[in-house]
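A.B. asks: File name protein-v2.txt; file contents compact mmCIF, C-alpha atoms and all ligand atoms; full text below.
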```txt
# COMPACT_ATOMS: atom_id res chain seq x y z
CA MET A 1 0.67 -15.37 4.86
CA LYS A 2 3.76 -15.18 7.06
CA THR A 3 5.02 -11.73 6.20
CA VAL A 4 8.03 -9.54 6.95
CA LEU A 5 7.28 -5.80 6.73
CA VAL A 6 9.77 -3.07 5.91
CA GLY A 7 8.46 0.45 6.49
CA VAL A 8 10.40 3.05 4.53
CA GLY A 9 10.03 6.78 5.31
CA GLN A 10 7.61 8.40 7.73
CA ALA A 11 4.34 7.07 6.29
CA GLY A 12 5.95 3.66 5.75
CA GLY A 13 6.96 3.47 9.42
CA LYS A 14 3.58 4.61 10.72
CA VAL A 15 1.55 2.26 8.53
CA THR A 16 3.86 -0.65 9.40
CA SER A 17 3.33 0.17 13.06
CA ALA A 18 -0.46 0.13 12.61
CA LEU A 19 -0.25 -3.24 10.81
CA VAL A 20 1.93 -4.76 13.54
CA ASP A 21 -0.49 -3.54 16.25
CA PHE A 22 -3.57 -4.86 14.41
CA ASP A 23 -1.99 -8.28 13.84
CA HIS A 24 -1.05 -8.43 17.51
CA GLU A 25 -4.48 -7.31 18.77
CA MET A 26 -6.23 -9.89 16.59
CA GLY A 27 -3.72 -12.60 17.56
CA PHE A 28 -3.21 -13.62 13.92
CA GLY A 29 0.59 -13.99 14.01
CA SER A 30 0.89 -13.38 10.28
CA ILE A 31 3.51 -10.63 10.66
CA ILE A 32 6.70 -12.37 11.68
CA GLY A 33 9.06 -9.41 11.51
CA ALA A 34 9.17 -5.65 10.97
CA LEU A 35 11.88 -3.09 10.32
CA GLY A 36 11.68 0.68 9.96
CA VAL A 37 14.06 2.50 7.60
CA ASN A 38 14.33 6.27 7.32
CA SER A 39 16.76 9.13 6.72
CA ALA A 40 14.99 11.18 9.44
CA LYS A 41 15.98 10.12 12.94
CA ALA A 42 12.98 11.75 14.65
CA ASP A 43 10.53 9.66 12.61
CA LEU A 44 12.20 6.42 13.67
CA GLN A 45 12.09 7.14 17.39
CA PRO A 46 8.39 6.39 18.06
CA LEU A 47 8.52 3.02 16.29
CA GLN A 48 8.21 -0.03 18.54
CA PHE A 49 10.38 -2.26 16.34
CA ASP A 50 13.98 -2.17 15.16
CA THR A 51 15.04 0.57 12.80
CA VAL A 52 17.90 1.60 10.52
CA LEU A 53 18.89 5.21 9.87
CA VAL A 54 20.10 5.65 6.30
CA GLY A 55 22.03 8.50 4.67
CA GLN A 56 23.48 9.80 7.92
CA ASP A 57 26.65 10.94 6.14
CA ARG A 58 24.59 13.00 3.66
CA VAL A 59 21.57 14.37 5.54
CA LYS A 60 22.70 14.01 9.17
CA GLY A 61 19.47 12.35 10.30
CA HIS A 62 17.24 15.19 9.07
CA GLY A 63 15.45 13.48 6.17
CA VAL A 64 15.76 14.21 2.45
CA GLY A 65 13.08 16.94 2.38
CA GLY A 66 10.99 15.41 -0.38
CA ASP A 67 13.92 14.89 -2.76
CA ASN A 68 13.21 11.38 -3.98
CA GLU A 69 16.38 11.11 -6.07
CA LEU A 70 18.34 11.73 -2.90
CA GLY A 71 16.04 9.22 -1.18
CA ALA A 72 17.04 6.60 -3.74
CA GLU A 73 20.74 7.48 -3.40
CA VAL A 74 20.82 7.22 0.38
CA MET A 75 19.02 3.87 0.27
CA GLN A 76 21.47 2.58 -2.34
CA GLY A 77 24.40 3.85 -0.27
CA ASP A 78 23.24 2.02 2.86
CA ALA A 79 21.56 -0.98 1.18
CA ARG A 80 24.09 -3.40 2.61
CA GLU A 81 23.29 -2.35 6.16
CA VAL A 82 19.51 -2.54 5.58
CA MET A 83 19.78 -5.97 3.94
CA GLY A 84 21.98 -7.12 6.83
CA GLU A 85 19.34 -6.06 9.37
CA LEU A 86 16.68 -7.89 7.38
CA SER A 87 18.55 -11.13 6.86
CA GLY A 88 17.90 -12.33 10.43
CA ARG A 89 14.18 -11.59 10.06
CA ILE A 90 13.46 -13.12 6.68
CA THR A 91 13.54 -16.71 7.90
CA ALA A 92 12.50 -19.89 6.05
CA GLU A 93 9.01 -19.38 7.51
CA ALA A 94 8.51 -16.12 5.54
CA GLU A 95 6.08 -16.38 2.62
CA ALA A 96 6.25 -12.75 1.50
CA ILE A 97 8.06 -9.48 2.09
CA VAL A 98 6.08 -6.24 1.96
CA VAL A 99 7.84 -2.88 1.53
CA VAL A 100 5.55 -0.14 2.86
CA ALA A 101 5.99 3.49 1.78
CA GLY A 102 4.25 6.79 1.09
CA LEU A 103 5.03 7.50 -2.57
CA GLY A 104 4.73 11.29 -2.30
CA GLY A 105 7.71 12.05 -0.02
CA GLY A 106 11.44 11.58 -0.51
CA THR A 107 12.82 8.69 1.52
CA GLY A 108 9.97 6.22 0.99
CA SER A 109 9.28 7.24 -2.59
CA GLY A 110 12.93 7.04 -3.68
CA GLY A 111 14.03 4.30 -1.31
CA ALA A 112 11.25 1.72 -1.69
CA PRO A 113 12.00 0.80 -5.35
CA VAL A 114 15.73 0.48 -4.57
CA LEU A 115 15.01 -1.79 -1.63
CA ALA A 116 12.45 -3.89 -3.55
CA LYS A 117 15.07 -4.52 -6.25
CA GLU A 118 17.71 -5.58 -3.70
CA LEU A 119 15.23 -7.88 -1.93
CA LYS A 120 14.17 -9.53 -5.17
CA ARG A 121 17.79 -10.17 -6.06
CA VAL A 122 18.35 -12.08 -2.82
CA TYR A 123 15.05 -13.75 -1.83
CA ASP A 124 12.81 -16.26 -3.59
CA VAL A 125 9.59 -15.26 -1.83
CA PRO A 126 7.41 -12.59 -3.47
CA VAL A 127 8.38 -9.00 -2.72
CA TYR A 128 5.27 -6.80 -2.65
CA ALA A 129 4.97 -3.09 -2.05
CA LEU A 130 2.21 -1.32 -0.17
CA GLY A 131 2.33 2.13 -1.77
CA ILE A 132 0.38 5.14 -0.52
CA LEU A 133 -0.66 7.64 -3.19
CA PRO A 134 -0.94 11.31 -2.21
CA GLY A 135 -4.50 12.63 -2.12
CA ARG A 136 -5.73 15.06 -4.80
CA GLY A 137 -5.27 18.05 -2.49
CA GLU A 138 -1.60 17.36 -1.77
CA GLY A 139 0.97 19.57 -3.51
CA THR A 140 2.73 19.27 -6.86
CA MET A 141 5.92 17.81 -5.41
CA TYR A 142 3.98 14.89 -3.90
CA GLN A 143 2.29 14.10 -7.21
CA VAL A 144 5.58 14.32 -9.14
CA ASN A 145 7.36 12.05 -6.67
CA ALA A 146 4.53 9.52 -6.63
CA GLY A 147 4.31 9.36 -10.43
CA ARG A 148 8.03 8.64 -10.71
CA SER A 149 8.11 6.22 -7.82
CA LEU A 150 5.06 4.24 -8.90
CA LYS A 151 6.49 3.45 -12.31
CA THR A 152 9.76 2.15 -10.89
CA LEU A 153 8.14 0.36 -8.00
CA ALA A 154 5.69 -1.48 -10.29
CA ARG A 155 8.67 -2.69 -12.30
CA GLU A 156 10.77 -3.80 -9.31
CA ALA A 157 8.16 -5.31 -6.96
CA ASP A 158 6.06 -8.39 -7.68
CA SER A 159 2.95 -6.26 -7.21
CA VAL A 160 2.23 -2.79 -5.80
CA LEU A 161 -0.88 -2.71 -3.64
CA LEU A 162 -1.96 0.90 -3.99
CA VAL A 163 -3.86 2.85 -1.36
CA ASP A 164 -5.05 6.29 -2.35
CA ASN A 165 -4.94 8.67 0.61
CA ASP A 166 -8.35 9.95 -0.55
CA ALA A 167 -9.91 6.49 -0.36
CA TRP A 168 -10.22 5.46 3.25
CA HIS A 169 -10.43 8.65 5.25
CA SER A 170 -13.60 9.80 7.00
CA SER A 171 -15.53 12.55 5.28
CA GLY A 172 -15.00 16.00 6.72
CA GLU A 173 -11.39 15.32 7.63
CA SER A 174 -8.43 16.57 5.59
CA VAL A 175 -5.89 13.94 4.58
CA GLU A 176 -3.46 15.16 7.26
CA GLU A 177 -6.12 15.20 10.01
CA GLY A 178 -7.18 11.77 8.92
CA PHE A 179 -3.79 9.96 8.98
CA GLY A 180 -4.68 8.14 12.21
CA SER A 181 -7.98 6.82 10.85
CA ILE A 182 -6.55 6.15 7.36
CA ASN A 183 -3.75 4.11 8.91
CA ALA A 184 -6.18 2.18 11.10
CA ASN A 185 -8.31 1.43 8.03
CA ILE A 186 -5.26 0.29 6.06
CA ALA A 187 -4.18 -1.90 8.97
CA ARG A 188 -7.59 -3.59 9.28
CA ARG A 189 -7.98 -4.29 5.57
CA VAL A 190 -4.43 -5.22 4.66
CA GLY A 191 -4.01 -7.00 8.01
CA LEU A 192 -7.02 -9.22 7.24
CA LEU A 193 -5.67 -9.97 3.77
CA LEU A 194 -2.29 -11.00 5.19
CA ALA A 195 -3.99 -13.17 7.80
CA ALA A 196 -6.38 -14.81 5.31
CA GLY A 197 -5.09 -18.31 4.80
CA GLU A 198 -3.27 -18.52 8.10
CA ALA A 199 -3.75 -21.99 9.59
CA VAL A 200 -7.11 -22.07 11.34
CA GLU A 201 -8.33 -24.92 13.50
CA GLY A 202 -10.75 -27.27 11.81
CA VAL A 203 -9.87 -25.92 8.36
CA GLY A 204 -12.69 -26.60 5.94
CA GLU A 205 -12.60 -27.09 2.21
CA SER A 206 -13.83 -23.59 1.47
CA VAL A 207 -11.22 -21.83 3.62
CA VAL A 208 -8.98 -19.55 1.63
CA ASP A 209 -5.33 -20.53 1.27
CA THR A 210 -2.33 -18.20 1.25
CA SER A 211 -1.42 -19.44 -2.22
CA GLU A 212 -4.66 -17.83 -3.53
CA VAL A 213 -3.38 -14.40 -2.52
CA ILE A 214 -0.04 -15.06 -4.19
CA ASN A 215 -1.70 -16.39 -7.35
CA THR A 216 -4.02 -13.39 -7.57
CA LEU A 217 -1.04 -11.05 -7.41
CA ARG A 218 0.96 -13.10 -9.90
CA SER A 219 0.00 -10.90 -12.82
CA GLY A 220 2.25 -8.22 -11.29
CA GLY A 221 1.85 -4.49 -11.86
CA ILE A 222 -0.62 -2.71 -9.64
CA SER A 223 -3.20 -4.19 -7.29
CA ALA A 224 -6.03 -2.81 -5.16
CA LEU A 225 -8.05 -4.02 -2.20
CA GLY A 226 -11.73 -3.52 -1.42
CA TYR A 227 -13.47 -4.04 1.90
CA ALA A 228 -16.93 -3.75 3.39
CA SER A 229 -18.77 -5.40 6.28
CA ALA A 230 -22.30 -5.63 7.65
CA GLU A 231 -24.28 -7.09 10.52
CA ALA A 232 -25.10 -10.77 9.87
CA SER A 233 -27.90 -13.10 10.91
CA GLU A 234 -27.15 -16.42 12.66
CA ASP A 235 -29.02 -18.20 9.88
CA PRO A 236 -26.95 -18.46 6.67
CA ASP A 237 -30.11 -18.53 4.53
CA GLU A 238 -30.85 -15.01 5.70
CA ASN A 239 -27.36 -13.90 4.72
CA ILE A 240 -27.52 -14.37 0.94
CA ASN A 241 -28.06 -10.66 0.38
CA VAL A 242 -25.64 -9.71 3.13
CA VAL A 243 -22.82 -11.49 1.28
CA THR A 244 -23.75 -10.08 -2.14
CA SER A 245 -24.23 -6.55 -0.88
CA VAL A 246 -20.99 -6.36 1.17
CA THR A 247 -19.16 -7.67 -1.89
CA ARG A 248 -20.74 -5.00 -4.09
CA ASN A 249 -19.85 -2.31 -1.55
CA ALA A 250 -16.30 -3.63 -1.17
CA LEU A 251 -15.67 -3.33 -4.89
CA LEU A 252 -17.72 -0.29 -5.81
CA THR A 253 -17.27 2.03 -2.84
CA GLY A 254 -14.72 0.43 -0.54
CA THR A 255 -11.57 0.01 -2.64
CA SER A 256 -8.14 1.36 -1.83
CA LEU A 257 -8.12 2.84 -5.34
CA PRO A 258 -11.51 4.39 -6.02
CA ASN A 259 -13.07 3.31 -9.35
CA ALA A 260 -10.51 0.62 -10.03
CA VAL A 261 -12.75 -2.26 -11.10
CA GLU A 262 -11.30 -3.74 -14.28
CA ALA A 263 -8.68 -6.33 -13.32
CA ASP A 264 -6.65 -9.26 -14.63
CA SER A 265 -7.48 -11.38 -11.60
CA ALA A 266 -9.44 -11.19 -8.38
CA LEU A 267 -9.83 -12.91 -5.04
CA LEU A 268 -13.02 -12.75 -2.99
CA VAL A 269 -12.54 -13.55 0.69
CA VAL A 270 -15.65 -13.71 2.87
CA ALA A 271 -14.83 -13.33 6.55
CA GLY A 272 -17.08 -14.23 9.47
CA GLU A 273 -18.49 -17.13 11.51
CA PRO A 274 -18.25 -20.13 9.14
CA GLU A 275 -21.77 -21.38 9.88
CA THR A 276 -23.32 -18.02 9.01
CA ILE A 277 -21.66 -17.69 5.57
CA SER A 278 -24.26 -18.33 2.88
CA ARG A 279 -22.81 -20.58 0.14
CA LYS A 280 -25.42 -19.35 -2.29
CA GLY A 281 -24.48 -15.76 -1.46
CA VAL A 282 -20.78 -16.49 -2.00
CA GLU A 283 -21.50 -18.14 -5.36
CA ARG A 284 -23.56 -15.17 -6.55
CA ALA A 285 -21.04 -12.65 -5.26
CA ARG A 286 -18.21 -14.42 -7.06
CA LYS A 287 -20.11 -14.44 -10.36
CA TRP A 288 -20.82 -10.75 -9.91
CA VAL A 289 -17.11 -10.01 -9.29
CA GLU A 290 -16.32 -11.95 -12.47
CA GLU A 291 -18.72 -9.81 -14.52
CA GLU A 292 -17.63 -6.51 -12.98
CA THR A 293 -13.89 -7.02 -13.23
CA GLY A 294 -14.02 -8.72 -16.63
CA SER A 295 -11.59 -11.27 -15.22
CA MET A 296 -11.83 -14.97 -15.90
CA GLN A 297 -9.64 -15.65 -12.88
CA VAL A 298 -11.75 -14.97 -9.82
CA ARG A 299 -10.63 -17.05 -6.88
CA GLY A 300 -12.47 -17.31 -3.60
CA GLY A 301 -12.50 -18.64 -0.08
CA ASP A 302 -13.68 -18.10 3.48
CA PHE A 303 -11.85 -16.58 6.39
CA PRO A 304 -13.32 -18.02 9.60
CA LEU A 305 -13.47 -15.26 12.17
CA GLU A 306 -15.38 -14.85 15.42
CA SER A 307 -17.69 -11.95 14.70
CA GLY A 308 -21.34 -10.98 14.52
CA ARG A 309 -20.62 -9.41 11.13
CA LEU A 310 -19.78 -10.65 7.68
CA ALA A 311 -17.09 -8.92 5.64
CA SER A 312 -15.93 -9.11 2.05
CA LEU A 313 -12.35 -8.49 1.02
CA VAL A 314 -11.86 -8.17 -2.73
CA LEU A 315 -8.25 -8.25 -3.92
CA LEU A 316 -7.75 -7.12 -7.52
CA GLY A 317 -4.58 -7.98 -9.43
CA GLY A 318 -3.41 -6.13 -12.55
CA VAL A 319 -5.46 -2.91 -12.30
CA GLU A 320 -2.94 -0.70 -14.09
CA ARG A 321 -5.24 -0.15 -17.03
CA SER A 322 -8.08 1.05 -14.81
CA GLY A 323 -9.31 4.62 -15.20
CA ARG A 324 -8.12 5.53 -11.73
CA VAL A 325 -4.47 4.67 -12.37
CA GLU A 326 -4.55 6.45 -15.72
CA GLU A 327 -6.13 9.49 -14.07
CA PHE A 328 -3.38 9.54 -11.45
CA MET A 329 -0.65 9.21 -14.07
CA GLU A 330 -2.16 12.16 -15.96
CA ARG A 331 -2.24 14.16 -12.71
CA ALA A 332 1.41 13.27 -12.08
CA ALA A 333 2.40 14.19 -15.66
CA ALA A 334 0.62 17.56 -15.33
CA ALA A 335 2.45 18.11 -12.03
CA VAL A 336 5.80 17.33 -13.70
CA GLU A 337 4.99 19.90 -16.40
CA GLU A 338 3.97 22.47 -13.79
CA ALA A 339 7.21 21.84 -11.86
CA ASP A 340 9.25 22.18 -15.08
CA GLU A 341 7.52 25.47 -15.93
CA GLN A 342 8.18 26.82 -12.44
CA GLU A 343 11.83 25.87 -12.80
CA ALA A 344 12.03 27.54 -16.23
CA THR A 345 10.47 30.74 -14.78
CA ARG A 346 12.93 30.66 -11.89
CA ASP A 347 15.84 30.18 -14.32
CA SER A 348 14.77 33.09 -16.53
CA GLU A 349 14.20 35.32 -13.48
CA GLU A 350 17.67 34.45 -12.25
CA LYS A 351 19.12 35.25 -15.68
CA LEU A 352 17.23 38.55 -15.67
CA PHE A 353 18.81 39.55 -12.41
CA GLN A 354 22.24 38.44 -13.60
CA ASN A 355 21.86 40.62 -16.69
CA ASP A 356 24.50 43.39 -16.73
CA ASP A 357 22.03 45.75 -18.43
CA LEU A 358 20.18 46.00 -15.13
CA ASP A 359 23.22 47.39 -13.36
CA GLY A 360 22.48 50.89 -14.62
CA LEU A 361 19.03 50.83 -13.05
CA ILE A 362 20.26 50.46 -9.51
N1 LIG A 401 -1.74 7.20 4.90
C1 LIG A 401 -0.75 7.96 5.39
N2 LIG A 401 -0.07 8.77 4.57
C2 LIG A 401 0.92 9.52 5.12
C3 LIG A 401 1.25 9.47 6.49
N3 LIG A 401 2.28 10.33 6.72
C4 LIG A 401 2.58 10.88 5.51
N4 LIG A 401 1.76 10.39 4.54
C5 LIG A 401 1.80 10.68 3.10
O1 LIG A 401 3.07 10.33 2.64
C6 LIG A 401 3.57 11.29 1.73
C7 LIG A 401 4.83 11.89 2.29
O2 LIG A 401 5.71 10.86 2.58
P1 LIG A 401 6.52 10.71 3.95
O3 LIG A 401 6.49 9.26 4.29
O4 LIG A 401 6.02 11.69 4.97
O5 LIG A 401 7.96 11.17 3.47
P2 LIG A 401 9.34 10.40 3.64
O6 LIG A 401 9.34 9.20 2.80
O7 LIG A 401 9.61 10.21 5.10
O8 LIG A 401 10.40 11.40 2.98
P3 LIG A 401 11.10 12.75 3.50
O9 LIG A 401 10.25 13.29 4.62
O10 LIG A 401 11.12 13.60 2.29
O11 LIG A 401 12.47 12.33 3.95
C8 LIG A 401 2.47 12.32 1.55
O12 LIG A 401 1.73 11.97 0.39
C9 LIG A 401 1.62 12.16 2.80
O13 LIG A 401 0.29 12.46 2.56
C10 LIG A 401 0.50 8.59 7.33
O14 LIG A 401 0.70 8.45 8.55
N5 LIG A 401 -0.47 7.86 6.71
```
Represent the structure contained in this file as structure tokens.
Ligand SMILES: Nc1nc2c(ncn2[C@@H]2O[C@H](COP(=O)(O)OP(=O)(O)OP(=O)(O)O)[C@@H](O)[C@H]2O)c(=O)[nH]1
C.D. replies:
Amino acid sequence: MKTVLVGVGQAGGKVTSALVDFDHEMGFGSIIGALGVNSAKADLQPLQFDTVLVGQDRVKGHGVGGDNELGAEVMQGDAREVMGELSGRITAEAEAIVVVAGLGGGTGSGGAPVLAKELKRVYDVPVYALGILPGRGEGTMYQVNAGRSLKTLAREADSVLLVDNDAWHSSGESVEEGFGSINANIARRVGLLLAAGEAVEGVGESVVDTSEVINTLRSGGISALGYASAEASEDPDENINVVTSVTRNALLTGTSLPNAVEADSALLVVAGEPETISRKGVERARKWVEEETGSMQVRGGDFPLESGRLASLVLLGGVERSGRVEEFMERAAAAVEEADEQEATRDSEEKLFQNDDLDGLI
């Protein structure tokens, strides 16, 4: 899928960078343009692609400090400039635009929904978001921001592919320590999805087409991506269980949104050497995905790739009713309440100290 990426905020820029590097290393050529947008100048500097600094008149290049309303305002204020920078990149070749952002901060969380809305107004191709949810251990402000942003983003974008920061980091590492490996994992998985369906020489009947990705995401709302891989035999008959077990692992333990299984639609992409992919295995795996997700719309296809391994990518569309999303929304609502209570305590403490009756005590 020929894609233009827009990384908003610090996480958005870093994840976009990892995706661009992966696509380049693999020689896929599915990312045809990238732009970084931020209100913090220092976060734009390391990026190897063009960037736009927004909100300079308001925050002087220092970021919005987690204030996502301000993040939305500065993006709105400079939307014309951002859209202008993008217009040269979103050529007729583009099949999708992906806005990448961490939903817990200020610039990405506030800015991504504003940008998605502008892009949808102007372009006919699907506008997706790749949204990063704060991990459980991240503070109240992150959860509040992400809850607000996710609702708006799911409304504005054609689909929000959610990655939970707790999902793809190595055990023993904190979320912050793990950013490098989380980003590399996001790049590999999402990068493969974007490249699935890219023209491959000697395309066979079973090769997945870009339109399958778009159709799977057509139900809108929230989507998730699962991935797992394993060593494969050269003989496809010995790979029946390899295909079924990597598919099970991709969906049950390898998703970007842990425990999101119920879905409106799904796409199963099996990647590896075409002659090693077991047709029987693929058939069984697809049936299993149908049963697990409860979806009647499970699409499928191969992704020919030179490798000694076989991998399964499972894209789920319409997972907003899954337990995981509900659990996050509850966490965000509790965080909003906690933030409100803290504000109320601060207000009453301020009133206490403004009370004239206290004057006599000092
Ligand atoms: N996966 C991943 N998450 C990140 C990374 N950097 C920050 N985050 C997450 O993103 C959220 C914070 O968003 P940022 O992108 O840092 O903030 P911002 O959008 O630049 O906004 P401000 O700094 O407030 O202007 C938190 O939930 C972090 O855990 C990263 O490199 N990778």
A.B. asks: Please produce, as JSON lines, a per-residue contact table for segment 135-211 of chain A versus segment 283-306 of chain A (criterion: any atom at most 8 Å away, all atoms listed in the file considered), showing the nearest atom pair and its distance in Å to one decimal, sorted by chain then residue number.
C.D. replies:
```
{"residue": "A:Ala196", "atom": "CA", "partner": "A:Phe303", "partner_atom": "CA", "distance": 5.8}
{"residue": "A:Gly197", "atom": "CA", "partner": "A:Phe303", "partner_atom": "CA", "distance": 7.2}
{"residue": "A:Val200", "atom": "CA", "partner": "A:Pro304", "partner_atom": "CA", "distance": 7.6}
{"residue": "A:Ser206", "atom": "CA", "partner": "A:Gly301", "partner_atom": "CA", "distance": 5.4}
{"residue": "A:Val207", "atom": "CA", "partner": "A:Asp302", "partner_atom": "CA", "distance": 4.5}
{"residue": "A:Val208", "atom": "CA", "partner": "A:Gly301", "partner_atom": "CA", "distance": 4.0}
{"residue": "A:Asp209", "atom": "CA", "partner": "A:Gly301", "partner_atom": "CA", "distance": 7.5}
```
A.B. asks: So which residues touch segment 52-61 of chain A within 7 Å, counting only C-alpha atoms, skipping near sequence neighbours fewer than 6 positions away, as a PDB file with C-alpha atoms, keeping the file's coordinate frame?
C.D. replies:
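To be explicit, this is the file written out as result.pdb:
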```
ATOM      1  CA  GLY A  36      11.680   0.680   9.960  1.00  0.00           C
ATOM      2  CA  VAL A  37      14.060   2.500   7.600  1.00  0.00           C
ATOM      3  CA  ASN A  38      14.330   6.270   7.320  1.00  0.00           C
ATOM      4  CA  SER A  39      16.760   9.130   6.720  1.00  0.00           C
ATOM      5  CA  ALA A  40      14.990  11.180   9.440  1.00  0.00           C
ATOM      6  CA  LYS A  41      15.980  10.120  12.940  1.00  0.00           C
ATOM      7  CA  VAL A  74      20.820   7.220   0.380  1.00  0.00           C
ATOM      8  CA  MET A  75      19.020   3.870   0.270  1.00  0.00           C
ATOM      9  CA  ASP A  78      23.240   2.020   2.860  1.00  0.00           C
ATOM     10  CA  VAL A  82      19.510  -2.540   5.580  1.00  0.00           C
TER      11      VAL A  82
END
```
A.B. asks: To one decimal place in Å, what is the distance between atom CA of Leu133 of chain A and atom CA of Val160 of chain A?
C.D. replies: 11.1 Å
A.B. asks: Tell me, in Å to one decimal, how far atom O8 of ligand LIG 401 (chain A) is from atom CA of Gly63 of chain A.
C.D. replies: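 These two atoms are separated by 6.3 Å.
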A.B. asks: With distances taken over all atoms listed in the file, which residue among A:Glu85, A:Asp164, A:Glu341, A:Asp21 lies nearest ligand LIG 401 (chain A)?
C.D. replies: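 Of all the options, A:Asp164 lies closest to ligand LIG 401 (chain A).
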A.B. asks: Could you give me, as a VMD selection string, every polymer residue with an atom at most 8 Å away from an atom of ligand LIG 401 (chain A), counting all atoms listed in the file?
C.D. replies: chain A and resid 8 to 15 38 to 40 43 62 to 68 71 101 to 111 132 to 135 138 142 to 143 146 163 165 175 to 176 179 to 180 182 to 183 186
A.B. asks: Scan for residues within 7 Å of the point (-1.8, -2.7, -15.9) in the coordinates of the file, using only C-alpha atoms, and reply as a list in words.
C.D. replies: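 Within 7 Å of (-1.8, -2.7, -15.9), the protein and nucleic acid residues are Gly221, Ile222, Gly318, Val319, Glu320 and Arg321 of chain A.
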A.B. asks: Produce a file of the selected residues containing C-alpha atoms, as a CSV table (one decimal), keeping the file's coordinate frame.
C.D. replies:
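The result, stored in again36.csv:
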```
chain,number,residue,atom,x,y,z
A,221,GLY,CA,1.8,-4.5,-11.9
A,222,ILE,CA,-0.6,-2.7,-9.6
A,318,GLY,CA,-3.4,-6.1,-12.6
A,319,VAL,CA,-5.5,-2.9,-12.3
A,320,GLU,CA,-2.9,-0.7,-14.1
A,321,ARG,CA,-5.2,-0.2,-17.0
```
A.B. asks: Which residue out of A:Ala334, A:Ala92, A:Ala311, A:Val6 has the minimum interatomic distance to Gly147 of chain A when all atoms listed in the file are used?
C.D. replies: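 Of the candidates, the smallest distance to Gly147 of chain A is held by A:Ala334.
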A.B. asks: Can you tell me, as a short mmCIF file (atom, residue, chain, number, x, y, z; two decimals) with C-alpha atoms, in the frame of the given file, what residues are no more than 8 Å from Asn259 of chain A when counting all atoms listed in the file, ignoring any on the same chain fewer than 4 positions away?
C.D. replies:
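Just written: result_30.cif:
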```
data_model
loop_
_atom_site.label_atom_id
_atom_site.label_comp_id
_atom_site.auth_asym_id
_atom_site.auth_seq_id
_atom_site.Cartn_x
_atom_site.Cartn_y
_atom_site.Cartn_z
CA LEU A 252 -17.72 -0.29 -5.81
CA THR A 253 -17.27 2.03 -2.84
CA THR A 255 -11.57 0.01 -2.64
CA SER A 322 -8.08 1.05 -14.81
CA GLY A 323 -9.31 4.62 -15.20
CA ARG A 324 -8.12 5.53 -11.73
#
```
A.B. asks: Could you tell me how far atom CA of Glu273 of chain A sits from atom CA of Lys2 of chain A, in Å to one decimal place?
C.D. replies: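 Between atom CA of Lys2 of chain A and atom CA of Glu273 of chain A the gap works out to 22.8 Å.
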